[in-house]
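**Student:** Quick one: structure below, then a few questions.
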Amino acid sequence: MSRRRDWHPGDVSASDVTPERVYLNRAQFLKAMGLAAAGLSLPGRLLAKSPFDTSETVTPYDYVSTYNNFYEFGTEKDLPAKRASTLKPRPWTVEIGGLCDKPKIWDVESLIKKFPAEERIYRHRCVEAWSIVVPWLGFPLAPLLKAAEPKASAKFVALQTLMDPKQMPGEKTDVLAWPYVEGLRLDEALHPLTMLTHGMYGKPLPNQNGAPLRLTVPWKYGFKSIKSVVKIAFTAGMPPTAWNKAAPEEYGFYSNVNPSVDHPRWSQKKERRLGELFKRKTLMFNGYEDQVAGLYKGMDLQKWF
Ligand SMILES: Nc1nc2c(c(=O)[nH]1)N[C@H]1C(S)=C(S)[C@@H](COP(=O)(O)O)O[C@H]1N2
Ligand SMILES: [Mo]
């Protein structure tokens, strides 16, 4: 009997699902994604617990799909789920360019076919001090970046969300400078924890969670995990980021989860896990310290917040 409470599509608040049940759901997901039809064997990692999984309780699907930050659909948490049906996640292309030898415009379908889907259960900590635990489906960003053959001068990666006020009505307002942009240092982007995600809870990603493809960087505050990505570019300098432009004294470029660096307007020491009554302590690097602390060796994380 697994100690971990688990999810399954269709009854996502259920707990203690058997490994067989998880297997079936994962197999069904692959079938739905066309992988079984394409004659590909099921990647072993989908059938077992990933070494990247947290063993913490998965947050019920209803929280994760109805309590969202996605300012392109409004600034209230309930609005993305109500309004994001105007987003058309197919057809969709993602351009990989900038300082690289093999730039390419990928169709999202061919990306998903080329890079095998993995399920990973990650913690996600919003800078607003709430958190969730989500079974994402996606693939590590590193092989996609390497396929573009970045030049030696490439030190950062800049990412951009779709700019289309018809599909994303919030882009008609001036709450942020659109399109939403984000960035990572190249070594952060290549870290094995960094994923491009196209599904969750065994199903394709709902629009409000960033369909068809969003970044997932679990040791950073949630706003680094940019949604509905259309462009990824290698750059020499630190790229601008949407929240840093909006309030530089509140949101730094790195934005690593760090309970000892408070936001100027609130503490970051604790967080509310959606669905739980009592606050829990926020962990350094959101609990991924063993994996990522080496990236920031010798850096003053009070300065580089
Ligand atoms: N394009 C875009 N990406 C975005 C946001 C946004 O407003 N626009 N919000 C960010 C914030 S603040 C958080 S906490 C997460 C929320 O992801 P979720 O809705 O899947 O939980 O998305 C991030 N990515
Ligand atoms: Mo957030």
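Going through the structure tokens in order, the chains are called A, B, and so on, while each chain numbers its residues from 1 and the ligands are numbered from 1 in the order shown.
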Select the residues contacting ligand 2 at a distance of at most 8 Å, based on only C-alpha atoms and all ligand atoms, then format the selection as a list in words.
**Tutor:**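 The residues near ligand 2 are Asn69, Arg125, Cys126, Val127, Glu128, Tyr221, Gly222 and Phe223 of chain A.
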**Student:** In terms of the shortest atom-to-atom distance over only C-alpha atoms, which of A:Lys146, A:Arg90, A:His124, A:Lys220 is closest to Glu109 of chain A?
**Tutor:** A:Arg90
**Student:** Quick one: contact table of chain A to ligand 1, 9 Å max, nearest atom pair and distance in Å to one decimal per residue, counting only C-alpha atoms and all ligand atoms, chain and number order, as a tab-separated table?
**Tutor:**
residue	atom	partner	partner_atom_place_in_ligand_line	distance
A:Tyr63	CA	ligand 1	21 (O)	8.8
A:Val64	CA	ligand 1	21 (O)	5.8
A:Ser65	CA	ligand 1	19 (O)	6.9
A:Thr66	CA	ligand 1	19 (O)	8.0
A:Tyr67	CA	ligand 1	19 (O)	6.6
A:Asn68	CA	ligand 1	19 (O)	3.7
A:Asn69	CA	ligand 1	9 (N)	4.4
A:Phe70	CA	ligand 1	7 (O)	3.4
A:Tyr71	CA	ligand 1	7 (O)	3.8
A:Glu72	CA	ligand 1	8 (N)	5.9
A:Phe73	CA	ligand 1	7 (O)	8.0
A:Gly74	CA	ligand 1	7 (O)	8.4
A:Thr75	CA	ligand 1	7 (O)	7.9
A:Lys77	CA	ligand 1	19 (O)	8.5
A:Pro80	CA	ligand 1	19 (O)	8.2
A:His124	CA	ligand 1	21 (O)	7.4
A:Arg125	CA	ligand 1	14 (S)	6.9
A:Cys126	CA	ligand 1	14 (S)	4.3
A:Val127	CA	ligand 1	14 (S)	6.8
A:Glu128	CA	ligand 1	14 (S)	7.6
A:Trp130	CA	ligand 1	14 (S)	8.4
A:Ser131	CA	ligand 1	14 (S)	8.4
A:Ile132	CA	ligand 1	21 (O)	7.4
A:Val134	CA	ligand 1	21 (O)	8.7
A:Gln160	CA	ligand 1	1 (N)	7.7
A:Thr161	CA	ligand 1	1 (N)	5.2
A:Leu162	CA	ligand 1	1 (N)	7.7
A:Leu176	CA	ligand 1	7 (O)	8.7
A:Pro179	CA	ligand 1	1 (N)	7.6
A:Tyr180	CA	ligand 1	1 (N)	5.0
A:Val181	CA	ligand 1	1 (N)	7.2
A:Glu182	CA	ligand 1	3 (N)	8.5
A:Leu205	CA	ligand 1	20 (O)	8.9
A:Pro206	CA	ligand 1	20 (O)	8.9
A:Gln208	CA	ligand 1	19 (O)	6.3
A:Asn209	CA	ligand 1	20 (O)	3.9
A:Gly210	CA	ligand 1	20 (O)	6.5
A:Arg214	CA	ligand 1	3 (N)	7.8
A:Leu215	CA	ligand 1	24 (N)	8.0
A:Thr216	CA	ligand 1	17 (O)	8.9
A:Tyr221	CA	ligand 1	14 (S)	6.9
A:Gly222	CA	ligand 1	14 (S)	3.8
A:Phe223	CA	ligand 1	10 (C)	3.5
A:Lys224	CA	ligand 1	23 (C)	6.1
A:Ser225	CA	ligand 1	24 (N)	4.8
A:Ile226	CA	ligand 1	3 (N)	3.8
A:Lys227	CA	ligand 1	3 (N)	3.9
A:Ser228	CA	ligand 1	1 (N)	6.2
A:Val229	CA	ligand 1	1 (N)	7.5
A:Ala242	CA	ligand 1	8 (N)	8.7
A:Trp243	CA	ligand 1	12 (S)	8.8
**Student:** Could you list, as a ChimeraX atom specification, every residue within 12 Å of Glu289 of chain A, counting only C-alpha atoms and ignoring same-chain residues fewer than 3 positions away?
**Tutor:** /A:193,218-220,256-258,283-286,292-297
**Student:** Could you dump the residues just selected with N, CA, C and O atoms as a compact mmCIF listing (two decimals), in the first residue's frame?
**Tutor:**
# COMPACT_ATOMS: atom_id res chain seq x y z
N LEU A 193 15.40 19.65 -13.26
CA LEU A 193 14.07 19.90 -12.68
C LEU A 193 13.22 20.81 -13.56
O LEU A 193 11.99 20.83 -13.45
N PRO A 218 10.23 24.42 -10.24
CA PRO A 218 9.60 24.25 -8.93
C PRO A 218 10.32 24.92 -7.77
O PRO A 218 9.70 25.09 -6.72
N TRP A 219 11.60 25.30 -7.92
CA TRP A 219 12.29 25.92 -6.77
C TRP A 219 12.16 27.44 -6.77
O TRP A 219 12.67 28.12 -5.91
N LYS A 220 11.44 27.99 -7.75
CA LYS A 220 11.25 29.44 -7.83
C LYS A 220 9.79 29.79 -7.59
O LYS A 220 8.91 28.94 -7.74
N ASN A 256 14.12 32.92 -6.35
CA ASN A 256 14.15 31.60 -5.73
C ASN A 256 13.31 31.64 -4.45
O ASN A 256 13.37 32.61 -3.70
N VAL A 257 12.55 30.59 -4.22
CA VAL A 257 11.78 30.51 -2.97
C VAL A 257 12.77 30.55 -1.81
O VAL A 257 13.70 29.74 -1.75
N ASN A 258 12.59 31.53 -0.92
CA ASN A 258 13.54 31.73 0.17
C ASN A 258 12.82 32.31 1.39
O ASN A 258 12.51 33.50 1.42
N LEU A 283 9.93 26.09 2.70
CA LEU A 283 11.26 25.48 2.68
C LEU A 283 12.18 26.24 1.74
O LEU A 283 11.74 26.79 0.71
N MET A 284 13.48 26.27 2.09
CA MET A 284 14.48 26.89 1.22
C MET A 284 14.42 26.25 -0.17
O MET A 284 14.33 25.01 -0.27
N PHE A 285 14.46 27.08 -1.18
CA PHE A 285 14.33 26.60 -2.57
C PHE A 285 13.10 25.68 -2.72
O PHE A 285 13.10 24.74 -3.50
N ASN A 286 12.06 25.97 -1.94
CA ASN A 286 10.80 25.23 -2.01
C ASN A 286 10.99 23.73 -1.79
O ASN A 286 10.22 22.92 -2.30
N VAL A 292 19.35 22.09 -6.14
CA VAL A 292 19.65 23.34 -6.84
C VAL A 292 20.59 24.30 -6.11
O VAL A 292 21.06 25.27 -6.72
N ALA A 293 20.90 24.05 -4.84
CA ALA A 293 21.72 25.03 -4.09
C ALA A 293 23.04 25.30 -4.80
O ALA A 293 23.55 26.43 -4.79
N GLY A 294 23.60 24.28 -5.45
CA GLY A 294 24.88 24.43 -6.15
C GLY A 294 24.87 25.50 -7.23
O GLY A 294 25.91 26.07 -7.55
N LEU A 295 23.69 25.77 -7.79
CA LEU A 295 23.60 26.79 -8.85
C LEU A 295 23.93 28.19 -8.31
O LEU A 295 24.25 29.08 -9.09
N TYR A 296 23.80 28.36 -6.99
CA TYR A 296 23.89 29.71 -6.42
C TYR A 296 25.04 29.82 -5.42
O TYR A 296 25.08 30.74 -4.60
N LYS A 297 25.99 28.90 -5.52
CA LYS A 297 27.15 28.88 -4.62
C LYS A 297 27.87 30.22 -4.68
O LYS A 297 28.17 30.72 -5.77
**Student:** What separation in Å, quoted to one decimal, exists between atom CA of Gly287 of chain A and atom CA of Ser55 of chain A?
**Tutor:**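 These two atoms are separated by 11.6 Å.
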**Student:** Find the residue from A:Leu196, A:Leu145, A:Leu79, A:Val230 that sits nearest to Asp107 of chain A; use only C-alpha atoms when measuring.
**Tutor:** A:Val230
**Student:** Given the choices A:Tyr61, A:Phe234, A:Phe52, A:Phe139, which gets closest to Gly275 of chain A if the distance is worked out from only C-alpha atoms?
**Tutor:**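 Of the candidates, the smallest distance to Gly275 of chain A is held by A:Tyr61.
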**Student:** Give me every strand (DSSP E or B) residue in segment 31-276 of chain A, going by DSSP on the backbone, as a PyMOL selection string.
**Tutor:** chain A and resi 93-98+100+104-107+118-125+130-140+150+156-161+181-185+195-200+203-204+214-216+220+229-235+256+263+266+270-273
**Student:** Considering only C-alpha atoms, state which residue in the set A:Asp174, A:Glu249, A:Asp101, A:Glu118 is at the smallest distance from Trp304 of chain A.
**Tutor:**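 Checking each of A:Asp174, A:Glu249, A:Asp101, A:Glu118 against Trp304 of chain A, counting only C-alpha atoms, the winner is A:Glu249.
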**Student:** Residues within 6 Å of Trp136 of chain A, please, as a list in words. Count only C-alpha atoms; anything in the same chain fewer than 2 positions from it doesn't count.
**Tutor:**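 Listing them by chain and then by number gives Glu119, Arg120, Val134, Gly199 and Met200 of chain A.
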**Student:** Mind listing the helix (DSSP H, G or I) residues of segment 34-264 of chain A, per DSSP on the backbone, as a ChimeraX atom specification?
**Tutor:** /A:44-47,61-66,71-73,79-86,108-114,141-147,169-172,186-189,207-209,222-224,242-246
